[in-house]
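Enquirer: Handing over structure-v6.cif, mmCIF, C-alpha atoms.
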data_upload
loop_
_atom_site.label_atom_id
_atom_site.label_comp_id
_atom_site.auth_asym_id
_atom_site.auth_seq_id
_atom_site.Cartn_x
_atom_site.Cartn_y
_atom_site.Cartn_z
CA MET X 278 -4.10 27.39 19.82
CA LEU X 279 -4.74 24.16 17.92
CA ILE X 280 -8.17 22.75 17.10
CA ALA X 281 -7.83 19.02 16.44
CA ALA X 282 -11.37 17.66 16.60
CA ASP X 283 -13.07 14.77 14.82
CA LYS X 284 -16.49 15.09 13.18
CA PHE X 285 -19.64 15.50 15.29
CA LYS X 286 -21.40 12.68 13.46
CA GLY X 287 -24.84 13.62 12.23
CA SER X 288 -24.21 17.31 12.91
CA LEU X 289 -20.88 18.67 11.69
CA THR X 290 -17.87 17.45 9.74
CA ALA X 291 -14.46 17.82 11.37
CA VAL X 292 -13.74 20.78 9.09
CA GLN X 293 -17.00 22.46 10.11
CA VAL X 294 -16.25 21.88 13.80
CA ALA X 295 -12.89 23.65 13.39
CA GLU X 296 -14.51 26.54 11.50
CA ARG X 297 -17.19 27.10 14.12
CA VAL X 298 -14.87 26.80 17.11
CA THR X 299 -12.46 29.23 15.45
CA ALA X 300 -15.27 31.69 14.79
CA GLY X 301 -16.43 31.47 18.40
CA LEU X 302 -12.97 32.01 19.83
CA ARG X 303 -12.28 34.99 17.61
CA ARG X 304 -15.60 36.54 18.52
CA ILE X 305 -14.30 36.73 22.08
CA VAL X 306 -10.62 37.39 21.27
CA PRO X 307 -10.34 39.10 17.87
CA GLY X 308 -7.15 38.22 16.02
CA LEU X 309 -6.48 35.13 18.15
CA ASP X 310 -3.87 32.84 16.53
CA VAL X 311 -5.78 29.63 15.82
CA GLU X 312 -4.60 26.67 13.75
CA ALA X 313 -7.12 24.07 12.58
CA LEU X 314 -6.17 20.44 12.01
CA PRO X 315 -9.32 18.34 11.50
CA VAL X 316 -8.61 14.74 12.51
CA ALA X 317 -10.11 11.30 11.96
CA ASP X 318 -9.56 7.80 13.28
CA GLY X 319 -9.89 5.86 10.02
CA GLY X 320 -13.67 5.86 9.79
CA ASP X 321 -15.89 8.10 7.69
CA GLY X 322 -14.41 11.55 7.36
CA THR X 323 -10.84 10.31 7.03
CA VAL X 324 -10.39 11.43 3.42
CA ALA X 325 -11.91 14.83 4.21
CA ALA X 326 -9.43 15.29 7.06
CA ALA X 327 -6.53 14.40 4.76
CA VAL X 328 -7.72 16.86 2.11
CA ALA X 329 -8.02 19.59 4.75
CA ALA X 330 -4.38 18.87 5.66
CA GLY X 331 -3.20 19.43 2.10
CA PHE X 332 -3.76 16.13 0.32
CA GLU X 333 -5.26 16.20 -3.17
CA ARG X 334 -8.75 14.74 -3.57
CA HIS X 335 -9.22 12.14 -6.33
CA GLU X 336 -12.66 10.84 -7.31
CA ARG X 337 -13.56 7.56 -9.01
CA ALA X 338 -16.76 5.78 -10.00
CA VAL X 339 -16.87 2.51 -8.03
CA ALA X 340 -19.41 -0.05 -6.86
CA GLY X 341 -21.41 0.79 -3.76
CA PRO X 342 -22.28 -1.87 -1.17
CA LEU X 343 -25.31 -3.02 -3.20
CA GLY X 344 -23.46 -2.92 -6.51
CA GLN X 345 -24.81 0.46 -7.60
CA GLU X 346 -22.33 2.96 -9.04
CA VAL X 347 -21.21 5.66 -6.61
CA THR X 348 -18.61 8.40 -6.80
CA ALA X 349 -16.02 7.84 -4.09
CA ALA X 350 -12.82 9.70 -3.22
CA PHE X 351 -9.35 9.00 -1.94
CA ALA X 352 -6.62 11.47 -1.00
CA LEU X 353 -3.06 11.60 -2.34
CA ARG X 354 0.07 13.54 -1.48
CA GLY X 355 3.42 12.52 -2.87
CA GLY X 356 3.51 8.73 -2.73
CA THR X 357 1.05 8.44 0.16
CA ALA X 358 -2.64 7.73 -0.39
CA VAL X 359 -5.42 7.79 2.18
CA VAL X 360 -8.24 5.43 1.24
CA GLU X 361 -11.45 5.35 3.28
CA MET X 362 -13.52 2.22 2.86
CA ALA X 363 -16.70 4.02 3.96
CA GLU X 364 -16.43 6.19 0.84
CA ALA X 365 -17.35 3.14 -1.23
CA SER X 366 -18.78 0.57 1.17
CA GLY X 367 -20.15 2.57 4.09
CA LEU X 368 -23.61 2.70 5.63
CA GLN X 369 -23.84 6.18 4.13
CA ARG X 370 -23.99 4.53 0.70
CA LEU X 371 -27.19 2.61 1.48
CA PRO X 372 -30.62 4.11 0.77
CA ARG X 373 -32.14 5.58 3.91
CA GLY X 374 -33.64 2.84 6.09
CA VAL X 375 -32.25 0.03 3.90
CA PHE X 376 -29.84 -2.59 5.26
CA ALA X 377 -28.28 -5.59 3.53
CA PRO X 378 -26.29 -7.48 6.18
CA LEU X 379 -25.99 -10.69 4.13
CA THR X 380 -25.37 -9.25 0.66
CA ALA X 381 -23.54 -5.90 1.03
CA SER X 382 -20.09 -6.09 -0.57
CA THR X 383 -16.74 -4.34 -0.19
CA TYR X 384 -15.98 -4.62 -3.93
CA GLY X 385 -15.92 -0.83 -4.32
CA SER X 386 -13.31 -0.51 -1.57
CA GLY X 387 -11.04 -2.77 -3.58
CA GLU X 388 -11.63 -0.58 -6.61
CA LEU X 389 -10.54 2.45 -4.57
CA LEU X 390 -7.36 0.66 -3.50
CA ARG X 391 -6.66 -0.18 -7.13
CA ALA X 392 -7.23 3.46 -8.10
CA ALA X 393 -4.67 4.52 -5.49
CA LEU X 394 -2.18 2.07 -6.97
CA ASP X 395 -2.92 3.44 -10.45
CA ALA X 396 -2.20 6.95 -9.10
CA GLY X 397 1.29 5.84 -8.05
CA ALA X 398 0.81 5.39 -4.31
CA ARG X 399 3.67 3.60 -2.57
CA THR X 400 2.12 3.86 0.88
CA ILE X 401 -1.62 3.39 1.38
CA VAL X 402 -3.30 4.26 4.65
CA PHE X 403 -6.49 2.20 4.53
CA GLY X 404 -8.99 3.67 6.97
CA VAL X 405 -11.79 1.25 7.83
CA GLY X 406 -14.96 1.91 9.77
CA GLY X 407 -18.60 2.84 9.24
CA SER X 408 -19.13 -0.11 6.91
CA ALA X 409 -22.40 -1.47 5.57
CA THR X 410 -20.73 -4.84 5.03
CA THR X 411 -19.81 -8.08 6.77
CA ASP X 412 -18.05 -9.97 3.98
CA GLY X 413 -14.57 -10.43 5.48
CA GLY X 414 -13.11 -8.28 2.71
CA ALA X 415 -14.01 -10.86 0.05
CA GLY X 416 -15.47 -8.20 -2.23
CA MET X 417 -12.39 -6.03 -1.85
CA LEU X 418 -10.12 -8.97 -2.67
CA SER X 419 -12.26 -9.81 -5.72
CA ALA X 420 -11.81 -6.27 -7.06
CA LEU X 421 -8.06 -6.73 -6.66
CA GLY X 422 -8.00 -9.96 -8.67
CA ALA X 423 -8.93 -12.81 -6.29
CA ARG X 424 -11.58 -15.38 -7.25
CA PHE X 425 -14.05 -17.01 -4.86
CA LEU X 426 -15.79 -19.99 -6.40
CA ASP X 427 -18.53 -22.46 -5.47
CA GLU X 428 -18.63 -26.21 -6.14
CA GLU X 429 -19.60 -25.56 -9.76
CA GLY X 430 -16.67 -23.22 -10.33
CA GLU X 431 -18.93 -20.15 -10.42
CA PRO X 432 -18.33 -16.98 -8.39
CA VAL X 433 -20.14 -17.02 -5.06
CA PRO X 434 -22.78 -14.33 -4.54
CA PRO X 435 -21.61 -11.00 -3.08
CA GLY X 436 -21.70 -10.35 0.64
CA GLY X 437 -20.91 -12.38 3.73
CA GLY X 438 -23.91 -14.66 3.26
CA GLY X 439 -22.58 -15.89 -0.09
CA LEU X 440 -19.39 -17.15 1.53
CA ALA X 441 -21.33 -20.11 2.90
CA ASP X 442 -21.19 -21.53 -0.65
CA LEU X 443 -17.42 -21.04 -1.00
CA ALA X 444 -15.55 -24.14 -2.17
CA ARG X 445 -12.32 -22.80 -3.68
CA VAL X 446 -10.21 -19.65 -3.58
CA ASP X 447 -7.76 -18.49 -6.25
CA LEU X 448 -5.42 -15.69 -5.19
CA SER X 449 -3.06 -16.02 -8.16
CA GLY X 450 -4.64 -13.06 -9.94
CA LEU X 451 -4.12 -10.54 -7.13
CA ASP X 452 -2.66 -7.27 -8.37
CA PRO X 453 1.14 -7.77 -8.21
CA ARG X 454 1.66 -4.13 -7.20
CA LEU X 455 0.27 -4.98 -3.77
CA SER X 456 3.50 -6.76 -2.88
CA ALA X 457 5.48 -3.53 -3.33
CA VAL X 458 3.19 -1.15 -1.45
CA ASP X 459 3.21 -0.39 2.27
CA LEU X 460 -0.40 -1.02 3.24
CA VAL X 461 -1.41 0.29 6.68
CA LEU X 462 -4.70 -0.90 8.17
CA ALA X 463 -5.98 2.05 10.21
CA SER X 464 -8.82 1.21 12.56
CA ASP X 465 -10.14 2.10 15.99
CA VAL X 466 -11.23 -1.47 16.80
CA ASP X 467 -9.17 -4.59 17.46
CA ASN X 468 -11.87 -7.27 17.26
CA PRO X 469 -11.15 -10.69 15.75
CA LEU X 470 -13.02 -11.86 12.67
CA THR X 471 -15.49 -14.25 14.33
CA GLY X 472 -16.71 -15.44 17.72
CA PRO X 473 -18.45 -13.55 20.57
CA LYS X 474 -16.29 -10.46 19.95
CA GLY X 475 -16.12 -10.88 16.19
CA ALA X 476 -17.46 -8.69 13.41
CA PRO X 477 -20.90 -10.33 13.02
CA ALA X 478 -21.70 -10.55 16.73
CA VAL X 479 -20.52 -7.08 17.75
CA TYR X 480 -21.25 -4.96 14.69
CA GLY X 481 -23.73 -7.00 12.63
CA PRO X 482 -26.82 -5.71 14.47
CA GLN X 483 -25.81 -2.13 13.64
CA LYS X 484 -26.05 -3.11 9.98
CA GLY X 485 -29.50 -4.66 10.26
CA ALA X 486 -28.47 -8.24 11.04
CA SER X 487 -31.01 -10.31 12.98
CA PRO X 488 -29.81 -12.95 15.48
CA ASP X 489 -30.19 -15.57 12.73
CA ASP X 490 -28.21 -13.36 10.32
CA VAL X 491 -25.44 -12.95 12.91
CA ALA X 492 -25.17 -16.71 13.33
CA ALA X 493 -25.15 -17.27 9.56
CA LEU X 494 -22.49 -14.61 8.99
CA ASP X 495 -20.29 -15.92 11.77
CA GLU X 496 -20.47 -19.43 10.32
CA ALA X 497 -19.84 -18.15 6.79
CA LEU X 498 -16.77 -16.12 7.82
CA THR X 499 -15.37 -19.08 9.79
CA HIS X 500 -15.82 -21.19 6.65
CA PHE X 501 -14.21 -18.42 4.57
CA ALA X 502 -11.04 -18.47 6.67
CA LYS X 503 -10.91 -22.29 6.58
CA ILE X 504 -11.19 -22.45 2.78
CA LEU X 505 -8.58 -19.71 2.44
CA GLU X 506 -6.17 -21.88 4.41
CA ALA X 507 -5.81 -24.21 1.42
CA GLU X 508 -4.64 -21.31 -0.75
CA ALA X 509 -2.83 -19.00 1.67
CA GLY X 510 -1.62 -21.49 4.28
CA PRO X 511 -2.02 -21.44 8.09
CA ARG X 512 -1.73 -17.66 8.22
CA ALA X 513 -5.27 -17.45 6.80
CA VAL X 514 -6.65 -18.96 10.00
CA GLU X 515 -4.16 -17.14 12.24
CA TYR X 516 -5.13 -13.75 10.80
CA ALA X 517 -8.76 -14.42 11.71
CA THR X 518 -7.85 -14.02 15.40
CA ALA X 519 -5.44 -11.10 14.90
CA PRO X 520 -6.30 -7.62 16.25
CA GLY X 521 -8.19 -5.66 13.63
CA ALA X 522 -9.36 -8.68 11.61
CA GLY X 523 -12.96 -7.92 12.52
CA ALA X 524 -12.74 -4.23 11.68
CA ALA X 525 -15.44 -2.90 9.36
CA GLY X 526 -17.26 -6.18 8.87
CA GLY X 527 -14.04 -8.15 8.54
CA ILE X 528 -12.46 -6.08 5.80
CA GLY X 529 -9.52 -5.87 8.21
CA TYR X 530 -9.08 -9.61 7.70
CA GLY X 531 -8.85 -9.16 3.95
CA ALA X 532 -6.33 -6.36 4.39
CA LEU X 533 -4.18 -8.51 6.67
CA LEU X 534 -4.16 -11.21 3.99
CA LEU X 535 -2.72 -8.56 1.64
CA GLY X 536 0.13 -7.97 4.08
CA ALA X 537 -1.25 -4.88 5.81
CA ARG X 538 0.20 -3.62 9.11
CA PHE X 539 -2.46 -2.93 11.72
CA ARG X 540 -2.16 0.37 13.62
CA PRO X 541 -4.69 2.32 15.67
CA GLY X 542 -6.38 4.65 13.21
CA ILE X 543 -5.91 7.85 15.16
CA GLU X 544 -2.16 7.22 15.59
CA VAL X 545 -1.75 6.71 11.86
CA MET X 546 -3.81 9.74 10.94
CA LEU X 547 -2.02 12.04 13.38
CA ASP X 548 1.25 11.05 11.71
CA VAL X 549 -0.15 11.50 8.21
CA LEU X 550 -1.83 14.83 9.00
CA GLY X 551 1.26 16.37 10.64
CA PHE X 552 -0.05 16.65 14.19
CA ALA X 553 3.40 16.66 15.84
CA PRO X 554 4.69 19.87 14.21
CA ALA X 555 1.30 21.55 14.71
CA LEU X 556 1.46 20.59 18.39
CA GLU X 557 4.88 22.23 18.72
CA ARG X 558 3.29 25.52 17.70
CA ALA X 559 0.41 25.24 20.19
CA ALA X 560 -0.01 26.01 23.89
CA LEU X 561 -3.61 24.76 24.02
CA VAL X 562 -5.33 21.98 22.09
CA ILE X 563 -9.09 21.70 21.64
CA THR X 564 -10.45 18.31 20.62
CA GLY X 565 -13.76 16.45 20.61
CA GLU X 566 -16.13 14.18 18.69
CA GLY X 567 -19.86 13.63 18.35
CA SER X 568 -20.23 11.81 21.65
CA LEU X 569 -17.81 11.14 24.50
CA ASP X 570 -18.39 7.76 26.10
CA GLU X 571 -16.55 4.59 27.03
CA GLN X 572 -15.62 3.94 23.40
CA THR X 573 -13.77 7.25 23.30
CA LEU X 574 -11.08 5.74 25.53
CA HIS X 575 -10.49 2.84 23.12
CA GLY X 576 -8.74 4.44 20.18
CA LYS X 577 -11.13 7.25 19.28
CA ALA X 578 -9.79 10.58 18.05
CA PRO X 579 -10.09 12.71 21.23
CA ALA X 580 -8.24 10.14 23.33
CA GLY X 581 -5.57 9.85 20.65
CA VAL X 582 -5.11 13.61 20.47
CA ALA X 583 -4.93 13.87 24.26
CA GLY X 584 -2.41 11.02 24.45
CA ALA X 585 -0.22 12.53 21.75
CA GLY X 586 -0.29 15.95 23.38
CA ARG X 587 0.43 14.81 26.92
CA PRO X 588 4.23 14.38 26.55
CA ARG X 589 4.43 17.85 25.01
CA GLY X 590 2.67 19.32 28.05
CA ALA X 591 0.11 21.23 26.03
CA GLY X 592 -3.07 22.14 27.83
CA GLY X 593 -6.18 20.50 26.46
CA VAL X 594 -9.91 21.08 26.30
CA GLY X 595 -12.27 18.25 25.36
CA GLY X 596 -15.64 18.77 23.79
CA TRP X 597 -18.53 16.88 22.34
CA GLY X 598 -21.67 17.43 20.38
CA ARG X 599 -25.04 15.80 20.39
CA ARG X 600 -25.98 13.75 17.34
CA ALA X 601 -28.73 15.26 15.24
CA PRO X 602 -31.95 13.24 14.91
CA ALA X 603 -31.62 10.64 12.17
#
What would you get if you wrote out this structure as structure tokens?
Expert:
Amino acid sequence: MLIAADKFKGSLTAVQVAERVTAGLRRIVPGLDVEALPVADGGDGTVAAAVAAGFERHERAVAGPLGQEVTAAFALRGGTAVVEMAEASGLQRLPRGVFAPLTASTYGSGELLRAALDAGARTIVFGVGGSATTDGGAGMLSALGARFLDEEGEPVPPGGGGLADLARVDLSGLDPRLSAVDLVLASDVDNPLTGPKGAPAVYGPQKGASPDDVAALDEALTHFAKILEAEAGPRAVEYATAPGAGAAGGIGYGALLLGARFRPGIEVMLDVLGFAPALERAALVITGEGSLDEQTLHGKAPAGVAGAGRPRGAGGVGGWGRRAPA
């Protein structure tokens, strides 16, 4: 029996879900052969799932979304690193009840990517989701050596709101190691950067953005892509409409500019975590997440586990929890 569940957000981590389900099963059938493989779809909990699967946890001091120092982790095994942007730039890094839709930055996520490069990673799975930010990945790119300047030649303020003042972009200082690494953008959303289905409109309100903030961020990110065109060429505008560009407040857009390959997060993580060989050993798979709803069918972990297990013919049991009061 294989337990391959995601976290029950607000209640249990994916590891805790596996522990409790295992305990319950063995209470009924002592000695039952149970294998636990906590999974994630690229959002918060991705590094924890990788560590549970045998990756080594590495911690670094990086900038949080408001610029404060936080301790964030990435996972490494061999030449493969798993970097979770929420570790540095997630809503979990904001003080309780505090939002900063116009000023929150992904700078710390870029620092985590750089730390993975320093650790010798040749493949980086970049899981994005649960962000506090809507800056199009500008902060991340800045941490990796890019410069975003206003009319006076000064750096623009952090966050998506500051991009309205952007006049010039210099990508010449980007870390040269990025050209030699296989960067995989792992996300469960395929939204474009801007527009009615873009990052500000769809996800901005979850990060405290008012209707006026959403409009300002959408305009600023559109301007961001247009200014980038002068430095990076037409691909800068083309990437803005590519699937995944709007992931995690547009950090997907920044990753695409770095040459990342977009893949559904759960597919990537099942590969990285070794789901296929674990499935071969199982006759029944138990999966679940914090809430099963329409979004579950669009790239969330339980749907990914069920889809991967279907060709194998393994029986499956879905489950869900109820989010604890915030």
Enquirer: From the options X:Gly437, X:Gly485, X:Leu535, X:Arg454, which residue's atoms come nearest to Thr499 in chain X, counting all atoms listed in the file?
Expert: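 Among the listed residues, the smallest separation from Thr499 in chain X belongs to X:Gly437.
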Enquirer: Do a neighbour search on range 543-557 of chain X at 10 Å with only C-alpha atoms, toss out local chain neighbours closer than 6 positions, and write the hits as a VMD selection string.
Expert: chain X and resid 278 to 281 283 312 to 320 323 326 to 332 354 357 to 359 402 to 404 461 to 465 576 to 582 584 to 586 589 to 591
Enquirer: Which of these residues is nearest to Ser419 in chain X, using only C-alpha atoms: X:Asp495, X:Asp321, X:Glu388, X:Glu364?
Expert: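 Using only C-alpha atoms, Ser419 in chain X sits closest to X:Glu388.
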Enquirer: List as a PDB file with C-alpha atoms, in the coordinates of the input the residues having at least one atom at most 8 Å from position (2.9, 2.1, 4.3) as given in the file, counting all atoms listed in the file.
Expert:
ATOM      1  CA  THR X 357       1.050   8.440   0.160  1.00  0.00           C
ATOM      2  CA  ARG X 399       3.670   3.600  -2.570  1.00  0.00           C
ATOM      3  CA  THR X 400       2.120   3.860   0.880  1.00  0.00           C
ATOM      4  CA  ILE X 401      -1.620   3.390   1.380  1.00  0.00           C
ATOM      5  CA  VAL X 402      -3.300   4.260   4.650  1.00  0.00           C
ATOM      6  CA  VAL X 458       3.190  -1.150  -1.450  1.00  0.00           C
ATOM      7  CA  ASP X 459       3.210  -0.390   2.270  1.00  0.00           C
ATOM      8  CA  LEU X 460      -0.400  -1.020   3.240  1.00  0.00           C
ATOM      9  CA  VAL X 461      -1.410   0.290   6.680  1.00  0.00           C
ATOM     10  CA  ARG X 538       0.200  -3.620   9.110  1.00  0.00           C
TER      11      ARG X 538
END
Enquirer: Return as number ranges by chain the set of residues that the PyMOL selection byres ((chain X and resi 455) around 12) yields on the displayed structure.
Expert: X: 387, 390-391, 393-395, 397-401, 418, 421-422, 450-454, 456-461, 532-537
Enquirer: Between X:Gly355, X:Gly475, X:Gly542, X:Pro378, which is the closest to Thr411 in chain X once you count all atoms listed in the file?
Expert: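 Under the stated criterion, the closest residue is X:Pro378.
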Enquirer: Given the PyMOL selection byres ((chain X and resi 432) around 12) and the file above, list the residues it selects as a list in words.
Expert: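 Applied to this file, the PyMOL selection byres ((chain X and resi 432) around 12) selects Ala415, Gly416, Ser419, Ala423, Arg424, Phe425, Leu426, Asp427, Glu428, Glu429, Gly430, Glu431, Val433, Pro434, Pro435, Gly436, Gly439, Leu440, Asp442, Leu443, Ala444, Arg445, Val446 and Asp447 of chain X.
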Enquirer: Expanded to explicit residues, what is the PyMOL selection byres ((chain X and resi 477) around 12) for this file, as a PDB file with C-alpha atoms, in the coordinates of the input?
Expert:
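See expr-v3.pdb below for the written result:
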ATOM      1  CA  PRO X 378     -26.290  -7.480   6.180  1.00  0.00           C
ATOM      2  CA  LEU X 379     -25.990 -10.690   4.130  1.00  0.00           C
ATOM      3  CA  ALA X 409     -22.400  -1.470   5.570  1.00  0.00           C
ATOM      4  CA  THR X 410     -20.730  -4.840   5.030  1.00  0.00           C
ATOM      5  CA  THR X 411     -19.810  -8.080   6.770  1.00  0.00           C
ATOM      6  CA  ASP X 412     -18.050  -9.970   3.980  1.00  0.00           C
ATOM      7  CA  GLY X 413     -14.570 -10.430   5.480  1.00  0.00           C
ATOM      8  CA  GLY X 437     -20.910 -12.380   3.730  1.00  0.00           C
ATOM      9  CA  GLY X 438     -23.910 -14.660   3.260  1.00  0.00           C
ATOM     10  CA  ASN X 468     -11.870  -7.270  17.260  1.00  0.00           C
ATOM     11  CA  PRO X 469     -11.150 -10.690  15.750  1.00  0.00           C
ATOM     12  CA  LEU X 470     -13.020 -11.860  12.670  1.00  0.00           C
ATOM     13  CA  THR X 471     -15.490 -14.250  14.330  1.00  0.00           C
ATOM     14  CA  GLY X 472     -16.710 -15.440  17.720  1.00  0.00           C
ATOM     15  CA  PRO X 473     -18.450 -13.550  20.570  1.00  0.00           C
ATOM     16  CA  LYS X 474     -16.290 -10.460  19.950  1.00  0.00           C
ATOM     17  CA  GLY X 475     -16.120 -10.880  16.190  1.00  0.00           C
ATOM     18  CA  ALA X 476     -17.460  -8.690  13.410  1.00  0.00           C
ATOM     19  CA  ALA X 478     -21.700 -10.550  16.730  1.00  0.00           C
ATOM     20  CA  VAL X 479     -20.520  -7.080  17.750  1.00  0.00           C
ATOM     21  CA  TYR X 480     -21.250  -4.960  14.690  1.00  0.00           C
ATOM     22  CA  GLY X 481     -23.730  -7.000  12.630  1.00  0.00           C
ATOM     23  CA  PRO X 482     -26.820  -5.710  14.470  1.00  0.00           C
ATOM     24  CA  GLN X 483     -25.810  -2.130  13.640  1.00  0.00           C
ATOM     25  CA  LYS X 484     -26.050  -3.110   9.980  1.00  0.00           C
ATOM     26  CA  GLY X 485     -29.500  -4.660  10.260  1.00  0.00           C
ATOM     27  CA  ALA X 486     -28.470  -8.240  11.040  1.00  0.00           C
ATOM     28  CA  SER X 487     -31.010 -10.310  12.980  1.00  0.00           C
ATOM     29  CA  PRO X 488     -29.810 -12.950  15.480  1.00  0.00           C
ATOM     30  CA  ASP X 489     -30.190 -15.570  12.730  1.00  0.00           C
ATOM     31  CA  ASP X 490     -28.210 -13.360  10.320  1.00  0.00           C
ATOM     32  CA  VAL X 491     -25.440 -12.950  12.910  1.00  0.00           C
ATOM     33  CA  ALA X 492     -25.170 -16.710  13.330  1.00  0.00           C
ATOM     34  CA  ALA X 493     -25.150 -17.270   9.560  1.00  0.00           C
ATOM     35  CA  LEU X 494     -22.490 -14.610   8.990  1.00  0.00           C
ATOM     36  CA  ASP X 495     -20.290 -15.920  11.770  1.00  0.00           C
ATOM     37  CA  GLU X 496     -20.470 -19.430  10.320  1.00  0.00           C
ATOM     38  CA  ALA X 497     -19.840 -18.150   6.790  1.00  0.00           C
ATOM     39  CA  LEU X 498     -16.770 -16.120   7.820  1.00  0.00           C
ATOM     40  CA  THR X 499     -15.370 -19.080   9.790  1.00  0.00           C
ATOM     41  CA  ALA X 522      -9.360  -8.680  11.610  1.00  0.00           C
ATOM     42  CA  GLY X 523     -12.960  -7.920  12.520  1.00  0.00           C
ATOM     43  CA  ALA X 524     -12.740  -4.230  11.680  1.00  0.00           C
ATOM     44  CA  ALA X 525     -15.440  -2.900   9.360  1.00  0.00           C
ATOM     45  CA  GLY X 526     -17.260  -6.180   8.870  1.00  0.00           C
ATOM     46  CA  GLY X 527     -14.040  -8.150   8.540  1.00  0.00           C
ATOM     47  CA  ILE X 528     -12.460  -6.080   5.800  1.00  0.00           C
TER      48      ILE X 528
END
Enquirer: Quick check, in Å to one decimal: how far apart do CA of Ala509 in chain X and CA of Ala420 in chain X lie?
Expert: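 For CA of Ala509 in chain X relative to CA of Ala420 in chain X, the distance reads 17.9 Å.
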